Amino acid sequence: MERKEVIVVGAGPAGMSAAVKLCDMGFTDILVIEKEASPGGVLRQCIHPGFGLTRFGKNLTGPEYKAVDEKRLYESGAELLFSSTVMDIRQSENGGIITSVHTPEGLKEYVSDAVILASGCRETGRGFLEIPGSRPAGIFTAGTAQAMMNLKNTKVGERIVIVGSGDIGLIMARRFTLEGSQVLCVVEKAEICGGLERNRKECLEDYNIPLLTSSAISCIKGKKRVNSVTVRDRNGEEQEFFCDTVVLSAGLVPEDGMAGKDIEGLFYCGNVLYVHDLADDVSVSGEEAAIDTAGYLISKMKGRSFDSKYSSFNVDAVREERKEYIAQRKKERLRESKSGKKHITCIMCPNGCRIDAESFTGGRCNKGENYARNEKLDPKRILTAVVRVKDSSDIISVRTDRPIPKSLMMESMKLIRGMEVSSGVKAGDTVAESFILEDVKLIATCGHGSK
């Protein structure tokens, strides 16, 4: 059994940040275990902007955000074990922690003084939602649809109904629309949208996609492929939507089944602790868990007790506190939505300030006022997409180097669908000069061949 000082399970944004922070604090015997072939987690398929706003003060795409921490991880000195799945985490008789791992070479076991669990979360499927009806093809989770489109350039359907207004579902509603599919509606059982306000604005309102609140799918119909769904509102009224695809975006569940609770020296962080709204907050959670892990190791050497919100002993309490916070936030948003006042929601940062549409007041900074004024006169957006690599089945993700008029989004996508790039393109390279407008460039957000 191989000994390590600290093991980090997962190399997504939380795990990368945790490992780098530990190395920065002088810990040299760190092992990072990742089930995929490279670090980054889900970030590589999240080609949309909105990452890094609070942490770096920049509006990055997922691949760009991933590249920052990936570089730091490789330079940190931590040992990295890829394509390996943690099967079990348990307390050893000597007070350490045993981690059983299925690796390409077979089953291995490690013993360590501490483990940071940064294994993220998983999507809830149709079985969890208990949607009645037949079991045809054409039903996907939002994350699966996102991976198919953004990593494989595969269109999932032509006429789409989305179940649940989680952020991934909202983002994919925009992505489907830009790629030429028709999103018939987003069905949400709650009274208000479940995702961030800025995603509701950019992804639904921008493209006139209906959000049916206080509603649920009462039946899915179809034999080989979905051909319609019936949506029932809280008053019992039903309407049928003829579609070929249903996308589920109705919740995420922490991926913590491999770890026993109440293990001394086990720390949770990121989305395995609870589902965060922003990747920036996930990364910060990893750094804070690393600091507490260091405090635990030092206290252990000195024979002192140590408590942390990231400790496995406190996970249930932290999750319950988070539920109460979410419930309170929903109540506040519901009150705002019923106030009758006209607002423009600022999307320049995650705060999502509601700016009065007439006086342009209500923002926490002057960005809100400026955004609201521009939104009335000439609304603009960053465009993200994928482009084929010449003489290859590969694709790379791209974005405009600055916001373009909202009215040009669909026309820009037509240009992108006819483009190809040469192999060997690197992240940051210019793919097209004077794209759609003379002063706009289309740039690569990942390199060809990057994982």
# chains A, B, ... in the order shown; residues from 1 in each chain; ligands from 1

call {"tool": "residues_around", "arguments": {"residues": "A:Gly106", "least_positions_apart": "6", "cutoff": "12 Å", "atoms": "only C-alpha atoms", "output": "PyMOL selection string"}}
result
chain A and resi 83-87+100

call {"tool": "write_last_selection", "arguments": {"atoms": "C-alpha atoms", "output": "mmCIF file, in the first residue's frame"}}
result
data_model
loop_
_atom_site.group_PDB
_atom_site.id
_atom_site.type_symbol
_atom_site.label_atom_id
_atom_site.label_comp_id
_atom_site.auth_asym_id
_atom_site.auth_seq_id
_atom_site.Cartn_x
_atom_site.Cartn_y
_atom_site.Cartn_z
ATOM 1 C CA SER A 83 -8.099 7.420 -16.202
ATOM 2 C CA SER A 84 -8.540 6.110 -12.664
ATOM 3 C CA THR A 85 -11.723 5.719 -10.624
ATOM 4 C CA VAL A 86 -11.933 5.834 -6.836
ATOM 5 C CA MET A 87 -13.986 2.853 -5.665
ATOM 6 C CA SER A 100 -9.063 2.151 -3.250
#

call {"tool": "residues_around", "arguments": {"residues": "stretch 443-446 of chain A", "least_positions_apart": "5", "cutoff": "10 Å", "atoms": "only C-alpha atoms", "output": "MDAnalysis selection string"}}
result
chainID A and resid 44 47 60:67 384:387 395:401 421 425:433 435 451

call {"tool": "write_last_selection", "arguments": {"atoms": "C-alpha atoms", "output": "PDB file, in the first residue's frame"}}
result
ATOM      1  CA  ARG A  44     -13.973  21.653 -21.606  1.00  0.00           C
ATOM      2  CA  ILE A  47     -17.826  26.686 -24.379  1.00  0.00           C
ATOM      3  CA  LEU A  60     -13.804  33.603 -20.026  1.00  0.00           C
ATOM      4  CA  THR A  61     -15.276  30.499 -21.612  1.00  0.00           C
ATOM      5  CA  GLY A  62     -15.037  27.136 -19.850  1.00  0.00           C
ATOM      6  CA  PRO A  63     -12.001  25.937 -21.878  1.00  0.00           C
ATOM      7  CA  GLU A  64     -10.206  29.241 -21.235  1.00  0.00           C
ATOM      8  CA  TYR A  65     -10.954  29.072 -17.511  1.00  0.00           C
ATOM      9  CA  LYS A  66      -9.776  25.444 -17.435  1.00  0.00           C
ATOM     10  CA  ALA A  67      -6.485  26.340 -19.135  1.00  0.00           C
ATOM     11  CA  THR A 384     -19.414  31.157 -28.825  1.00  0.00           C
ATOM     12  CA  ALA A 385     -19.528  28.130 -31.114  1.00  0.00           C
ATOM     13  CA  VAL A 386     -17.455  25.251 -32.515  1.00  0.00           C
ATOM     14  CA  VAL A 387     -15.613  25.100 -35.846  1.00  0.00           C
ATOM     15  CA  ILE A 395     -13.612  20.484 -33.798  1.00  0.00           C
ATOM     16  CA  ILE A 396     -12.389  23.415 -31.701  1.00  0.00           C
ATOM     17  CA  SER A 397     -14.367  25.959 -29.687  1.00  0.00           C
ATOM     18  CA  VAL A 398     -14.279  29.627 -30.710  1.00  0.00           C
ATOM     19  CA  ARG A 399     -15.677  32.980 -29.576  1.00  0.00           C
ATOM     20  CA  THR A 400     -15.798  36.567 -30.734  1.00  0.00           C
ATOM     21  CA  ASP A 401     -13.128  38.728 -29.109  1.00  0.00           C
ATOM     22  CA  VAL A 421      -9.601  25.835 -39.457  1.00  0.00           C
ATOM     23  CA  VAL A 425      -4.456  25.897 -34.198  1.00  0.00           C
ATOM     24  CA  LYS A 426      -3.741  27.017 -30.622  1.00  0.00           C
ATOM     25  CA  ALA A 427      -5.903  28.622 -27.970  1.00  0.00           C
ATOM     26  CA  GLY A 428      -5.924  32.379 -28.514  1.00  0.00           C
ATOM     27  CA  ASP A 429      -5.157  32.160 -32.242  1.00  0.00           C
ATOM     28  CA  THR A 430      -7.256  34.301 -34.544  1.00  0.00           C
ATOM     29  CA  VAL A 431      -9.523  32.115 -36.642  1.00  0.00           C
ATOM     30  CA  ALA A 432     -11.066  34.918 -38.686  1.00  0.00           C
ATOM     31  CA  GLU A 433     -10.248  38.616 -39.029  1.00  0.00           C
ATOM     32  CA  PHE A 435     -15.616  38.516 -38.581  1.00  0.00           C
ATOM     33  CA  LYS A 451      -8.108  17.220 -24.247  1.00  0.00           C
TER      34      LYS A 451
END

call {"tool": "residues_around", "arguments": {"residues": "A:Ser305", "least_positions_apart": "3", "cutoff": "8 Å", "atoms": "only C-alpha atoms", "output": "list in words"}}
result
Tyr296, Ser299 and Lys300 of chain A

call {"tool": "select_by_dssp", "arguments": {"residues": "stretch 328-365 of chain A", "states": "helix (DSSP H, G or I)", "output": "compact mmCIF listing (two decimals) with C-alpha atoms, in the first residue's frame"}}
result
# COMPACT_ATOMS: atom_id res chain seq x y z
CA GLN A 328 -34.93 32.16 0.91
CA ARG A 329 -33.41 33.39 -2.34
CA LYS A 330 -36.29 31.92 -4.34
CA LYS A 331 -38.79 33.73 -2.11
CA GLU A 332 -37.00 37.03 -2.69
CA ARG A 333 -36.90 36.49 -6.45
CA LEU A 334 -40.57 35.57 -6.49
CA ARG A 335 -41.47 38.78 -4.64
CA GLU A 336 -39.42 40.80 -7.14
CA SER A 337 -41.08 39.11 -10.11

call {"tool": "residues_around", "arguments": {"residues": "stretch 209-225 of chain A", "least_positions_apart": "4", "cutoff": "6 Å", "atoms": "only C-alpha atoms", "output": "PyMOL selection string"}}
result
chain A and resi 132-134+136-138+185-191+204+229-234

call {"tool": "residues_around", "arguments": {"residues": "A:Ser283", "least_positions_apart": "6", "cutoff": "12 Å", "atoms": "only C-alpha atoms", "output": "NGL selection string"}}
result
:A and (11-21 or 40 or 43 or 51-52 or 54-56 or 65-66 or 68-69 or 118 or 120 or 269-271 or 276-277 or 289-290)

call {"tool": "residues_around", "arguments": {"residues": "stretch 355-358 of chain A", "least_positions_apart": "4", "cutoff": "8 Å", "atoms": "only C-alpha atoms", "output": "number ranges by chain"}}
result
A: 341-346, 362-363, 368-369, 372

call {"tool": "closest_residue", "arguments": {"among": "A:Leu31, A:Leu184, A:Cys121, A:Leu107", "to": "A:Ala78", "atoms": "only C-alpha atoms"}}
result
A:Leu31

call {"tool": "closest_residue", "arguments": {"among": "A:Leu178, A:Ala294, A:Val9, A:Cys193", "to": "A:Glu36", "atoms": "only C-alpha atoms"}}
result
A:Val9

call {"tool": "residues_around", "arguments": {"residues": "A:Leu252", "least_positions_apart": "2", "cutoff": "6 Å", "atoms": "only C-alpha atoms", "output": "PyMOL selection string"}}
result
chain A and resi 122-124

call {"tool": "write_last_selection", "arguments": {"atoms": "N, CA and C atoms", "output": "short mmCIF file (atom, residue, chain, number, x, y, z; two decimals), in the first residue's frame"}}
result
data_model
loop_
_atom_site.label_atom_id
_atom_site.label_comp_id
_atom_site.auth_asym_id
_atom_site.auth_seq_id
_atom_site.Cartn_x
_atom_site.Cartn_y
_atom_site.Cartn_z
N ARG A 122 -23.47 14.83 -10.38
CA ARG A 122 -24.02 14.17 -11.56
C ARG A 122 -25.45 14.67 -11.80
N GLU A 123 -25.93 14.49 -13.03
CA GLU A 123 -27.27 14.93 -13.37
C GLU A 123 -28.31 13.90 -12.94
N THR A 124 -29.49 14.41 -12.64
CA THR A 124 -30.62 13.51 -12.35
C THR A 124 -31.29 13.12 -13.66
#
